[in-house]
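Visitor: One structure follows; several queries about it will come next.
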Amino acid sequence: MNSDGKQLMCESLYLYGMMLLIVDLKYEGALRERLLVAYYRYCADTSRETNIDEVCTLLRSTGASSLPTAKRPANYPEDYFRRIRFRPQFISMVVGRLRSDDIYHRSLAFPLPEHRSTALSTQAAMLYVVLYFDPDTLYNQPATMREIVDKHFADNWVVSTYMGNLVNLLDAWEPYRAARGALANTIDVNVVKTWANSCGVKLGKTNGILQNLLKEGSLTEENAVTNVNKLLNLVRECNVTVRWLMLHTAPLTSAVEANKRAKAMRDLVMAEMRCRPVDVFELLLNTAQLELKLKELYKVVLAGKTDKWIVFKKEASGRLQDLADAFTGGMPLTRIEKNEKLQNWFADMAKQVNNLNFEDLVLAGPRIIQLIQALEEVQAFHQLESNIQVKQFIMETQDYLHKMIKMANTKEDILINLDVVGDLSYAWQLIDSYTKQMQDGIKENPSLVIKLRATFLKMASAMDHPLLRILQANSNDLESVSRYYSGELVAYVRKVLQIIPETLFNLLARIVDIQTNKLRELPTRLDKDKMKDFAQLDERLEVARLTHAISVFTEGILQMKTTLVGIIKIDPKQLLEDGIRKELVRLVALALHNDCMFPPKSKSTDFVQRLEILGAKMDGFRRSFEYIQDYIEIYGLKIWQEETSRIINFSVEQECNVFLRNKIPEWESVYQSRTIPIPKFPPVDISVSFIGRLARELVRITDPKVTVYIDQITSWFDVRTRQELVNITVFRKLQHALGAPGVAGLDRLYSFMIVRELQSLQRTLDDLLRDKTWIAHYQALAKAIGMGQSSIAQPAKFYTQATSKGAKLWPFMLETFQKIGQLQLLRRQLAYELRTVSRFDSKHLVAALETLNEAVLTDIKSKPLDAPRDDGKEQSFLMYELAEYLQWTGLTEPLSQIYVGTRKDSYLGLAMFLSFLGICNTFIPAPNLGNTLVPRRRYDPVDGTPFLVGFVTVMKQFHADDTRQVVQLIGQYLRSVVETAKATNGDFGPDAATLVVSLQWMLLYGAISKDVVASYVPGYVIRALQTV
């Protein structure tokens, strides 16, 4: 079997085993079984032929669990592996090859005997997995296991399998007699002490050498080419030391921690290596930096190898020709006697050098060595050493010939060996345990980012293992797998470097605190004797020091050049901006979550106080961005607006899911991002997020049951204490705290709440208008009323009987009208605040939107009703975009909005009139409050203005004919009452005055036109009732 065949056969069995182990590690048995059942139920009809029985047999629960307290099942995982049937001969051949051969030829990169376990580490990991297919060897073959351990695990007992999954053999092979005995023969306390001590000594020694090499100017192209073998040996020694120390000091899982021997060995290594984990991390950084520098140098050398070799050849040939010319005796100022033999000899040497060919280095190499030896001999035989000039020329020629040899020996194999030796795939998961050391190092020295860049590039080499065979097979999965692993590594890079934005914000908080609370504002005029007091030199020095620290941190991350990690390019400036955005999102989201928590029975003053606190925090964030943006080269205002808008829009979207049938999951939201995630906090009440709590708290403190709304001053008052609770100032503070996105988000959330109430009312009305008894009742009333033109005799008795049937329904209708009206009033206030801010901050945008909106409405009105409807995409897109802009700038009228679709019904107008009339007797106008409708009984839990606004909103959802019918029936009622009162010299009754005032409010809110009122309510009726 050839080399590739051996590798593929061994890898196939190894990957089967790894897939089983990873499936059992990531998805526990019960979960796997449920997933399989769910899949089968969902996809049972999609295919007639299915292997569901075999799949269920393979993936059924093994009893293993990743819980800390779980114990390893008996005969696990060998019984699990037996579910896949392989020929024993095939397994035996694979074990034999892995046991005896170097199938990947890694010994070429690790020639020293003490590095054998590192050279064979890849197939040692494969052997660990494959042996579970042959448990008899683990149990009953001590000779075979002794051979395996002596060759692969003689100086190590922690194995890194696929992509850094660590296995401690002292624990994993504990149940197997032969394997346990083989390990006991090699892994001894005294031996482990020796290894740990040796690695600790090597760590200190190599760290010192690396620090000297990494100094500026120490490592040059010439040094790299001249000392290539020494440098490779150093890199090899460093990587072997780092690998052993990282693996054998790795944190133990809870299951392995319970194994006394495994825990004792790790503690022994930690004690005997006599160095700190941060020293191991420092060695890793220095090694990665050296490897990166060497790769860059050798790539440059290899790229210009031919040209430099030719230059060296010309220089050597030229000097030999100069020597030949010098021995002619005709060169001035040389004082060299003529010597025809030397002249001819040097001329012949120059020709031989010129005849050297780079394309045929096999012949050129030995010839160059002969030329060097000849030049050494000629100095001794002809006593040329006495002439300094000749000696210097000969030495320079020899130097160039040596350079030609070294340049010829610089091959691609050097880069290949660096890649093999520098493999860090074993630390793919383990590196996370060094995150704290990385972040602490960055905080102490931001320039450490340069070395971290080299380490991240070193980690990227781990992706070569899963991608190699995919690439060779020309699989379409290459891009997706590359993107997955690259994304995982980039996510870790972001996690590590996130300490920089976190530190920046901590420094910013201190700067803002000094500027806000300690620095005194300079007055317009300042006396000389007070200048020292206002100078505050210590505080200003502290601000300068903190600002300089911020600049240093920014410079540190920007020193990290643009880096290609896998297939994803990392731009340090973008990385810094993303980190700042992420930290800003975290802090803002946390502030919104914490400051928008309201006790169940808090007062309106508490609500205002929390808004002020939140506004101060948000203002502090905004000011800090304004201060720092020039020092870190970012667009502070742009980032602030984009991220706060995203947080609020995401919260509104998730809050509105309650009202949607097709909900938008968090992971499908256009506002959520994996790079800059919006944190999601556990709900503290029925609301999903802070925006829901804020909206419901505002609804609670303006509840019509306990407040009275006065439209003339746009304020809510407590019905009992007459104390003002909410006014326009509260909405201004709300805008200051949340900005335009927050106000627009509340407006959108209230719209969804209104839709829910309208849908509930619509269902009730539909049931009502389908009920046979109600239909009969409406038919009788319609017949008695006629077309609403004639007056009703004995109106008090007639209308009392007409409304009595719905006496139990009117409380529900009243409550619904009040809820809708309250939300509409809040929306009007929010729209007014948005409109005010927009006109102040973006007057040109508002003017353009008003003009465009007017033009669109004029265009729509100019088309005849029977004209064909234009459903073009361009017009639909324009209307959608325009509506979005109008909502965000407050150029909307909530009372004119259509929220739900309705169907026309012949008795709807009559039903709405009866409900309106049945509820109106609850209210009475208050002349001292501008004819605001107030409860007839002082402490009734009702409010007239929300009721009227709610009724107007409901009528707006139906056809205009229904609204006209309601006005017509009101007019008939008023005529009947006035005519009956005149005929009997009685009074009009309180309901008539309430209805007249209600019509006036409807006119004011734009729900009906003056022409409609004038056509159905005669002037004499209005004049007669004006005295009431």
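We label chains A, B, ... in the order they appear in the structure tokens, count residues from 1 in each chain, and number ligands from 1 in the order shown.
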Taking the chain letters and numbering used in this document, name the residues of segment 84-276 of chain A that DSSP puts in strand (DSSP E or B), as a ChimeraX atom specification.
Guide: /A:158-160,166-168
Visitor: Report as a VMD selection string: the residues of segment 629-839 of chain A with a DSSP assignment of alpha helix (DSSP H), based on the backbone of this structure.
Guide: chain A and resid 629 to 632 636 to 656 690 to 701 728 to 770 772 to 785 795 to 804 810 to 839
Visitor: Please list as a short mmCIF file (atom, residue, chain, number, x, y, z; two decimals) with C-alpha atoms, in the first residue's frame every residue within 12 Å of segment 65-68 of chain A, counting only C-alpha atoms and excluding residues in the same chain fewer than 3 positions away.
Guide:
data_model
loop_
_atom_site.label_atom_id
_atom_site.label_comp_id
_atom_site.auth_asym_id
_atom_site.auth_seq_id
_atom_site.Cartn_x
_atom_site.Cartn_y
_atom_site.Cartn_z
CA LEU A 21 -17.45 10.38 20.17
CA ILE A 22 -18.27 13.99 19.22
CA VAL A 23 -21.95 13.17 18.65
CA ASP A 24 -22.11 11.58 22.09
CA LEU A 25 -20.20 14.51 23.61
CA LYS A 26 -22.29 17.31 22.09
CA TYR A 27 -25.74 15.66 21.99
CA GLU A 28 -26.71 13.41 24.85
CA GLY A 29 -28.57 10.19 24.16
CA ALA A 30 -32.06 11.32 25.15
CA LEU A 31 -31.78 14.42 23.00
CA SER A 61 -28.46 6.48 23.94
CA THR A 62 -25.21 5.08 25.32
CA LYS A 71 -20.12 8.33 35.77
CA ARG A 72 -18.68 6.54 32.77
CA PRO A 73 -20.88 3.60 31.68
CA TYR A 76 -17.89 2.55 27.04
CA LEU A 252 -8.98 18.97 34.02
CA THR A 253 -12.64 18.29 33.43
CA SER A 254 -14.76 17.37 36.42
CA ALA A 255 -14.75 13.69 35.38
CA VAL A 256 -10.96 13.54 35.05
CA GLU A 257 -10.57 15.58 38.25
CA ALA A 258 -12.16 12.67 40.09
#
Visitor: What's the 9 Å shell around segment 442-459 of chain A, counting only C-alpha atoms, without same-chain residues fewer than 2 positions away, as JSON, numbers by chain?
Guide: {"A": [284, 285, 286, 287, 288, 289, 290, 291, 292, 293, 419, 422, 423, 424, 425, 427, 428, 437, 438, 439, 440, 461, 462, 463, 489, 490, 493, 497, 499, 500, 503, 552, 553, 554, 555, 556, 557, 558, 559, 560, 561, 563, 564, 565, 566]}
Visitor: List as a list in words the protein and nucleic acid residues near Ser906 of chain A, meaning an atom at most 12 Å away when only C-alpha atoms are counted, but skip any in the same chain fewer than 5 places from it.
Guide: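 Listed by chain and then number, they are Leu769, Arg770, Ile775, Tyr778, Gln779, Ala782, Ala911, Met912, Phe958, His959, Asp961, Asp962 and Gln965 of chain A.
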Visitor: Neighbouring residues of Val996 of chain A were defined as those with any atom within 12 Å, considering only C-alpha atoms; residues of the same chain fewer than 4 positions away were excluded. Please report them as a ChimeraX atom specification.
Guide: /A:917,920,924-925,931,933,967,970-971,973-975,988-992,1000-1003,1013,1017-1019,1021-1028
Visitor: Using only C-alpha atoms, can you tell me which of A:Ile860, A:Val730, A:Leu418, A:Val949 comes closest to Phe817 of chain A?
Guide: A:Val949
Visitor: Please measure the separation of atom CA of Trp309 of chain A and atom CA of Leu363 of chain A, giving the value in Å to one decimal.
Guide: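 Going from atom CA of Trp309 of chain A over to atom CA of Leu363 of chain A covers 14.9 Å.
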Visitor: In Å, with one decimal, what is the gap from atom CA of Val242 of chain A to atom CA of Leu166 of chain A?
Guide: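 That distance, rounded to one decimal, is 15.6 Å.
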Visitor: Just how far from atom CA of Ser1009 of chain A is atom CA of Thr963 of chain A, in Å to one decimal?
Guide: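 Separating atom CA of Thr963 of chain A from atom CA of Ser1009 of chain A is a distance of 10.6 Å.
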Visitor: With only C-alpha atoms as the atoms that count, which of A:Val362, A:Val900, A:Ala616, A:Ile431 lies nearest to Asp513 of chain A?
Guide: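 Ranking A:Val362, A:Val900, A:Ala616, A:Ile431 by distance to Asp513 of chain A, first place goes to A:Ala616.
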Visitor: Please provide as a list in words all residues within 12 Å of Asp150 of chain A, with the sequence filter that same-chain residues fewer than 3 positions apart are discarded (counting only C-alpha atoms).
Guide: Arg99, Ser100, Arg116, Ser117, Leu120, Ala124, Pro142, Ala143, Thr144, Met145, Arg146, Glu147, Phe153, Ala154, Asp155, Asn156, Trp157, Ala179, Gly181, Ala182, Leu183, Ala184, Asn185, Thr186 and Ile187 of chain A
Visitor: Compare A:Val496, A:Leu814, A:Leu575, A:Ile647 by their minimum atom-to-atom distance to Gly441 of chain A, counting only C-alpha atoms, and give me the closest one.
Guide: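 Going through A:Val496, A:Leu814, A:Leu575, A:Ile647 one by one, the smallest distance to Gly441 of chain A is for A:Val496.
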